[in-house]
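Please read the structure below before turning to the comments.
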Number of protein chains: 2
Amino acid sequence: MRIALALKGLPFHYMPVHLARNEHLTESFGNVSASRLVPLLKDGDALVHQSLAILEYLEETHPTPPLLPADAVGRARVRALALDIACEIHPLNNLRVLRYLTGPMGLSEDAKNRWYRHWVETGLETVERQLVAQPARFCHGDTPTLADCLLIPQIFNAQRFECRLDHVPQVMKVFEACMALEAFEATRPEKCPDANA
Amino acid sequence: MRIALALKGLPFHYMPVHLARNEHLTESFGNVSASRLVPLLKDGDALVHQSLAILEYLEETHPTPPLLPADAVGRARVRALALDIACEIHPLNNLRVLRYLTGPMGLSEDAKNRWYRHWVETGLETVERQLVAQPARFCHGDTPTLADCLLIPQIFNAQRFECRLDHVPQVMKVFEACMALEAFEATRPEKCPDANA
């Protein structure tokens with residue numbers, strides 16, 4: 001979401017919600033959003049949650065520069081790539097899932113870390129196969145799309161958890177192409193306003 | 001996907017791919033789709049995977065009847081609800097994840113079933129809160145949308161795994177409203193062409 005806002009040059013006010021402190025479960029956040037999920041975009045009276053719904057909303061309300069190709073087949077390919085990350089990697093590795101594994105499921109820290117790496121590594125392999133089948137500077141074509149906005153944060157996560165990345169060279173080429181752009185560089189995780197919280 | 005095709009009155013040829021038999025991992029399927037994920041839509045030369053990308057593609061190429069509202073805020077709400085199911089419930093409970101839990105993670109069948117029910121029950125609770133906040137005949141408004149197309153199959157899964165559903169009365173009202181429509185009734189899981197395979 002921060003990447004898309006940066007690519008579209010949209011100013012925003014960042015309000016941190018600390019998942020590790022369960023701030024998303026508090027009544028005050030529940031009063032703001034019935035979903036109690038983050039990230040959450042507030043645009044005037046509109047509230048949108050779910051990263052990909054936020055990106056589609058930004059695309060519809062601020063279409064320039066476009067983050068989806070003009071043709072239906074290209075749009076479908078970009079959305080599928082974005083969903084490969086949003087549905088096949090991210091949900092398995094978010095904080096509440098990791099907590100449930102080491103809590104009620106009784107797994108060790110080590111097993112949890114193996115779980116994390118497994119889904120990142122196999123998920124990125126799925127992305128890699130598609131990028132190799134239709135190679136380009138970015139995930140799709142020569143400008144960034146929704147797929148790049150979701151892929152790059154996942155690469156930072158992968159590096160943090162010491163996942164293998166040598167099996168996805170085309171993904172890493174795209175990562176480098178993205179990081180050469182100011183919008184991606186300025187929104188690196190460590191530059192997030194609450195990175196040290 | 002079958003529900004959306006039925007709602008839009010689009011004819012299709014159904015080709016079963018048996019996950020339990022690992023048919024999606026075979027070379028012949030890999031040659032068709034680089035993602036190796038199902039469902040997969042083939043429309044002329046176009047190949048689209050990821051349920052939600054398929055639904056968006058059908059919506060763009062066959063806009064009548066619409067499965068997204070006309071306004072950006074409504075569209076965002078429908079997409080967020082659809083993603084609450086596609087990202088917060090389904091990925092945690094699909095076959096490869098359940099297999100990984102009882103295989104490499106060494107969990108028991110009983111623990112696996114608790115895991116399944118936990119994510120269905122908490123995920124549907126997230127949907128319920130949003131439906132209660134803005135109650136309607138369907139997930140959003142008085143015609144079915146992408147959100148209903150993803151919600152209904154999840155209710156059938158929930159029933160099959162004996163999940164609690166008494167805590168989500170508004171979800172169940174929407175379920176009944178959907179099942180009163182021919183497109184939903186004709187695509188019940190047990191009416192799937194390979195239901196008994």
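Residue numbers start at 1 in each chain; chains themselves are named A, B, ... in the order of the structure tokens; ligands are numbered from 1 in the order shown.
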Produce a table with one row for each residue of chain A that has an atom at most 8 Å from any atom of chain B, each row naming the nearest atom pair and its distance in Å at one decimal; use only C-alpha atoms; arrange rows by chain and rising residue number; format as CSV.
```
residue,atom,partner,partner_atom,distance
A:Ala34,CA,B:Gln130,CA,5.3
A:Ser35,CA,B:Thr126,CA,5.4
A:Arg36,CA,B:Thr126,CA,7.6
A:Ala46,CA,B:Val73,CA,6.4
A:Val48,CA,B:Ala76,CA,6.3
A:His49,CA,B:Ala80,CA,6.0
A:Gln50,CA,B:Ala80,CA,5.4
A:Leu52,CA,B:Ala80,CA,7.8
A:Ala53,CA,B:Ala80,CA,5.3
A:Ile54,CA,B:Ala76,CA,7.0
A:Glu56,CA,B:Ala76,CA,7.3
A:Tyr57,CA,B:Ala76,CA,5.8
A:Glu60,CA,B:Ala72,CA,6.8
A:Thr61,CA,B:Ala72,CA,7.2
A:Ala72,CA,B:Tyr57,CA,6.4
A:Val73,CA,B:Ala46,CA,6.4
A:Arg75,CA,B:Tyr57,CA,7.8
A:Ala76,CA,B:Ala53,CA,5.5
A:Arg77,CA,B:Val48,CA,6.6
A:Arg79,CA,B:Ala53,CA,5.4
A:Ala80,CA,B:Ala53,CA,5.3
A:Leu83,CA,B:Gln50,CA,6.6
A:Asp84,CA,B:Gln50,CA,7.3
A:Ala86,CA,B:Cys87,CA,6.6
A:Cys87,CA,B:Cys87,CA,4.8
A:Glu88,CA,B:Pro91,CA,6.2
A:Pro91,CA,B:Cys87,CA,6.0
A:Leu92,CA,B:Leu92,CA,6.3
A:Met105,CA,B:Ala111,CA,6.8
A:Leu107,CA,B:Met105,CA,7.8
A:Ala111,CA,B:Met105,CA,6.8
A:Trp115,CA,B:Met105,CA,7.9
A:Thr126,CA,B:Ser35,CA,5.4
A:Val127,CA,B:Ser35,CA,7.2
A:Arg129,CA,B:Ala34,CA,5.6
A:Gln130,CA,B:Ala34,CA,5.3
A:Ala133,CA,B:Ala34,CA,7.1
```
Just write the chosen residues, N, CA and C atoms, as a tab-separated table (two decimals), in the first residue's frame.
```
chain	number	residue	atom	x	y	z
A	34	ALA	N	-14.85	-2.69	11.07
A	34	ALA	CA	-15.52	-3.93	11.46
A	34	ALA	C	-14.64	-5.15	11.19
A	35	SER	N	-13.72	-5.04	10.24
A	35	SER	CA	-12.89	-6.20	9.90
A	35	SER	C	-11.81	-6.43	10.96
A	36	ARG	N	-11.39	-5.36	11.63
A	36	ARG	CA	-10.28	-5.39	12.59
A	36	ARG	C	-8.99	-5.91	11.96
A	46	ALA	N	-14.58	6.91	3.29
A	46	ALA	CA	-14.38	5.52	2.86
A	46	ALA	C	-13.30	4.83	3.67
A	48	VAL	N	-11.22	1.14	3.60
A	48	VAL	CA	-10.96	-0.07	2.82
A	48	VAL	C	-9.89	-0.90	3.52
A	49	HIS	N	-10.17	-2.19	3.72
A	49	HIS	CA	-9.13	-3.06	4.25
A	49	HIS	C	-8.77	-4.09	3.17
A	50	GLN	N	-7.84	-4.97	3.47
A	50	GLN	CA	-7.26	-5.96	2.55
A	50	GLN	C	-6.37	-5.26	1.52
A	52	LEU	N	-4.99	-5.88	-1.29
A	52	LEU	CA	-5.28	-5.87	-2.72
A	52	LEU	C	-6.54	-5.06	-3.03
A	53	ALA	N	-7.50	-5.05	-2.12
A	53	ALA	CA	-8.69	-4.22	-2.31
A	53	ALA	C	-8.31	-2.74	-2.23
A	54	ILE	N	-7.35	-2.42	-1.36
A	54	ILE	CA	-6.86	-1.05	-1.25
A	54	ILE	C	-6.17	-0.64	-2.55
A	56	GLU	N	-6.60	-1.88	-5.57
A	56	GLU	CA	-7.60	-1.75	-6.66
A	56	GLU	C	-8.38	-0.43	-6.49
A	57	TYR	N	-8.67	-0.08	-5.23
A	57	TYR	CA	-9.39	1.18	-4.96
A	57	TYR	C	-8.55	2.38	-5.38
A	60	GLU	N	-8.57	2.67	-9.10
A	60	GLU	CA	-9.81	3.21	-9.66
A	60	GLU	C	-9.97	4.69	-9.39
A	61	THR	N	-9.53	5.13	-8.20
A	61	THR	CA	-9.75	6.53	-7.84
A	61	THR	C	-8.60	7.43	-8.29
A	72	ALA	N	-7.37	-6.91	-20.82
A	72	ALA	CA	-7.98	-7.80	-19.83
A	72	ALA	C	-7.07	-8.99	-19.50
A	73	VAL	N	-6.40	-9.54	-20.51
A	73	VAL	CA	-5.54	-10.70	-20.24
A	73	VAL	C	-4.33	-10.30	-19.40
A	75	ARG	N	-4.23	-7.73	-17.37
A	75	ARG	CA	-4.75	-7.41	-16.03
A	75	ARG	C	-4.95	-8.69	-15.22
A	76	ALA	N	-5.47	-9.70	-15.89
A	76	ALA	CA	-5.69	-10.99	-15.20
A	76	ALA	C	-4.35	-11.59	-14.76
A	77	ARG	N	-3.32	-11.47	-15.62
A	77	ARG	CA	-2.01	-12.04	-15.26
A	77	ARG	C	-1.43	-11.30	-14.05
A	79	ARG	N	-3.11	-9.62	-11.74
A	79	ARG	CA	-3.90	-9.94	-10.54
A	79	ARG	C	-3.56	-11.34	-10.03
A	80	ALA	N	-3.38	-12.29	-10.95
A	80	ALA	CA	-3.06	-13.66	-10.52
A	80	ALA	C	-1.70	-13.68	-9.81
A	83	LEU	N	-2.15	-12.21	-6.44
A	83	LEU	CA	-2.85	-13.15	-5.56
A	83	LEU	C	-1.97	-14.34	-5.20
A	84	ASP	N	-1.03	-14.70	-6.07
A	84	ASP	CA	-0.09	-15.78	-5.71
A	84	ASP	C	0.68	-15.40	-4.45
A	86	ALA	N	-0.49	-12.72	-2.27
A	86	ALA	CA	-1.49	-12.36	-1.24
A	86	ALA	C	-2.22	-13.58	-0.69
A	87	CYS	N	-2.37	-14.63	-1.49
A	87	CYS	CA	-3.13	-15.81	-1.05
A	87	CYS	C	-2.27	-17.02	-0.74
A	88	GLU	N	-1.11	-17.14	-1.35
A	88	GLU	CA	-0.35	-18.39	-1.20
A	88	GLU	C	0.87	-18.23	-0.29
A	91	PRO	N	-0.74	-15.15	3.77
A	91	PRO	CA	-1.68	-15.61	4.82
A	91	PRO	C	-1.09	-16.71	5.70
A	92	LEU	N	-0.14	-17.46	5.16
A	92	LEU	CA	0.42	-18.57	5.92
A	92	LEU	C	1.47	-18.09	6.91
A	105	MET	N	-1.19	-25.06	18.58
A	105	MET	CA	-0.71	-26.24	17.85
A	105	MET	C	0.55	-26.84	18.46
A	107	LEU	N	3.76	-26.17	18.25
A	107	LEU	CA	5.00	-26.36	17.49
A	107	LEU	C	6.15	-25.56	18.10
A	111	ALA	N	10.31	-25.37	14.24
A	111	ALA	CA	9.30	-25.87	13.29
A	111	ALA	C	8.58	-24.69	12.65
A	115	TRP	N	8.32	-23.83	8.70
A	115	TRP	CA	7.02	-23.54	8.07
A	115	TRP	C	7.11	-22.23	7.28
A	126	THR	N	6.53	-20.48	-7.50
A	126	THR	CA	5.34	-20.35	-8.36
A	126	THR	C	5.41	-19.04	-9.15
A	127	VAL	N	5.81	-17.98	-8.48
A	127	VAL	CA	5.95	-16.68	-9.15
A	127	VAL	C	7.07	-16.75	-10.19
A	129	ARG	N	8.27	-19.26	-11.91
A	129	ARG	CA	7.89	-19.99	-13.13
A	129	ARG	C	7.12	-19.11	-14.10
A	130	GLN	N	6.26	-18.25	-13.54
A	130	GLN	CA	5.45	-17.38	-14.41
A	130	GLN	C	6.29	-16.24	-14.99
A	133	ALA	N	8.34	-17.62	-17.77
A	133	ALA	CA	7.53	-17.91	-18.96
A	133	ALA	C	7.27	-16.67	-19.79
```
Sel. of strand (DSSP E) residues, chain B, as a list in words: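 DSSP-assigned strand (DSSP E) residues in chain B: Leu40, Leu41, Lys42, Asp43, Ala46, Leu47, Val48 and His49 of chain B.
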Written file, previous selection with C-alpha atoms, as a PDB file, in the first residue's frame:
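Saved to result.pdb:
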```
ATOM      1  CA  LEU B  40      -7.536 -22.439 -14.094  1.00  0.00           C
ATOM      2  CA  LEU B  41      -9.678 -20.723 -16.716  1.00  0.00           C
ATOM      3  CA  LYS B  42      -8.845 -21.169 -20.392  1.00  0.00           C
ATOM      4  CA  ASP B  43     -10.632 -18.659 -22.630  1.00  0.00           C
ATOM      5  CA  ALA B  46      -5.908 -16.718 -22.435  1.00  0.00           C
ATOM      6  CA  LEU B  47      -5.101 -18.700 -19.292  1.00  0.00           C
ATOM      7  CA  VAL B  48      -6.039 -17.256 -15.912  1.00  0.00           C
ATOM      8  CA  HIS B  49      -5.421 -18.818 -12.500  1.00  0.00           C
TER       9      HIS B  49
END
```
Counting only C-alpha atoms, figure out which residue out of A:Pro63, A:Pro189, A:Gly44, A:Pro153 gets nearest to Val120 (chain A). A:Pro153
Expected answer as a VMD selection string: alpha helix (DSSP H) residues in region 31-150 of chain A: chain A and resid 31 to 32 51 to 61 72 to 88 90 to 93 95 to 102 109 to 133 146 to 150
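Closest approach to Ala4 (chain A) among A:Leu98, A:Leu67, A:Val17, A:Ala158: A:Leu67, based on only C-alpha atoms.
The spacing separating CA of Phe184 (chain A) from CA of Cys163 (chain A) amounts to 21.0 Å.
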Any idea what's packed within 10 Å of Leu7 (chain B), counting only C-alpha atoms, ignoring anything in its chain fewer than 4 positions away? Could you give it as a list in words?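 Here the answer would be Met1, Arg2, Ile3, Thr64, Pro65, Pro66, Leu67, Pro144, Thr145, Cys149, Leu181, Glu182, Ala183 and Phe184 of chain B.
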Find the residue from A:Phe156, A:Phe161, A:Tyr14, A:Phe175 that sits nearest to Asn113 (chain A); use only C-alpha atoms when measuring. A:Phe161
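Minimum distance to Gly141 (chain B) across B:Pro193, B:Gly103, B:Pro169, B:Pro69 (counting only C-alpha atoms) occurs at B:Pro69.
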Length of the CA of Glu162 (chain A) to CA of Arg117 (chain A) vector [Å]: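 Atom-to-atom, CA of Glu162 (chain A) and CA of Arg117 (chain A) are spaced 7.8 Å apart.
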Report the distance between CA of Pro16 (chain B) and CA of Asn94 (chain B) in Å, rounded to one decimal place. 16.8 Å
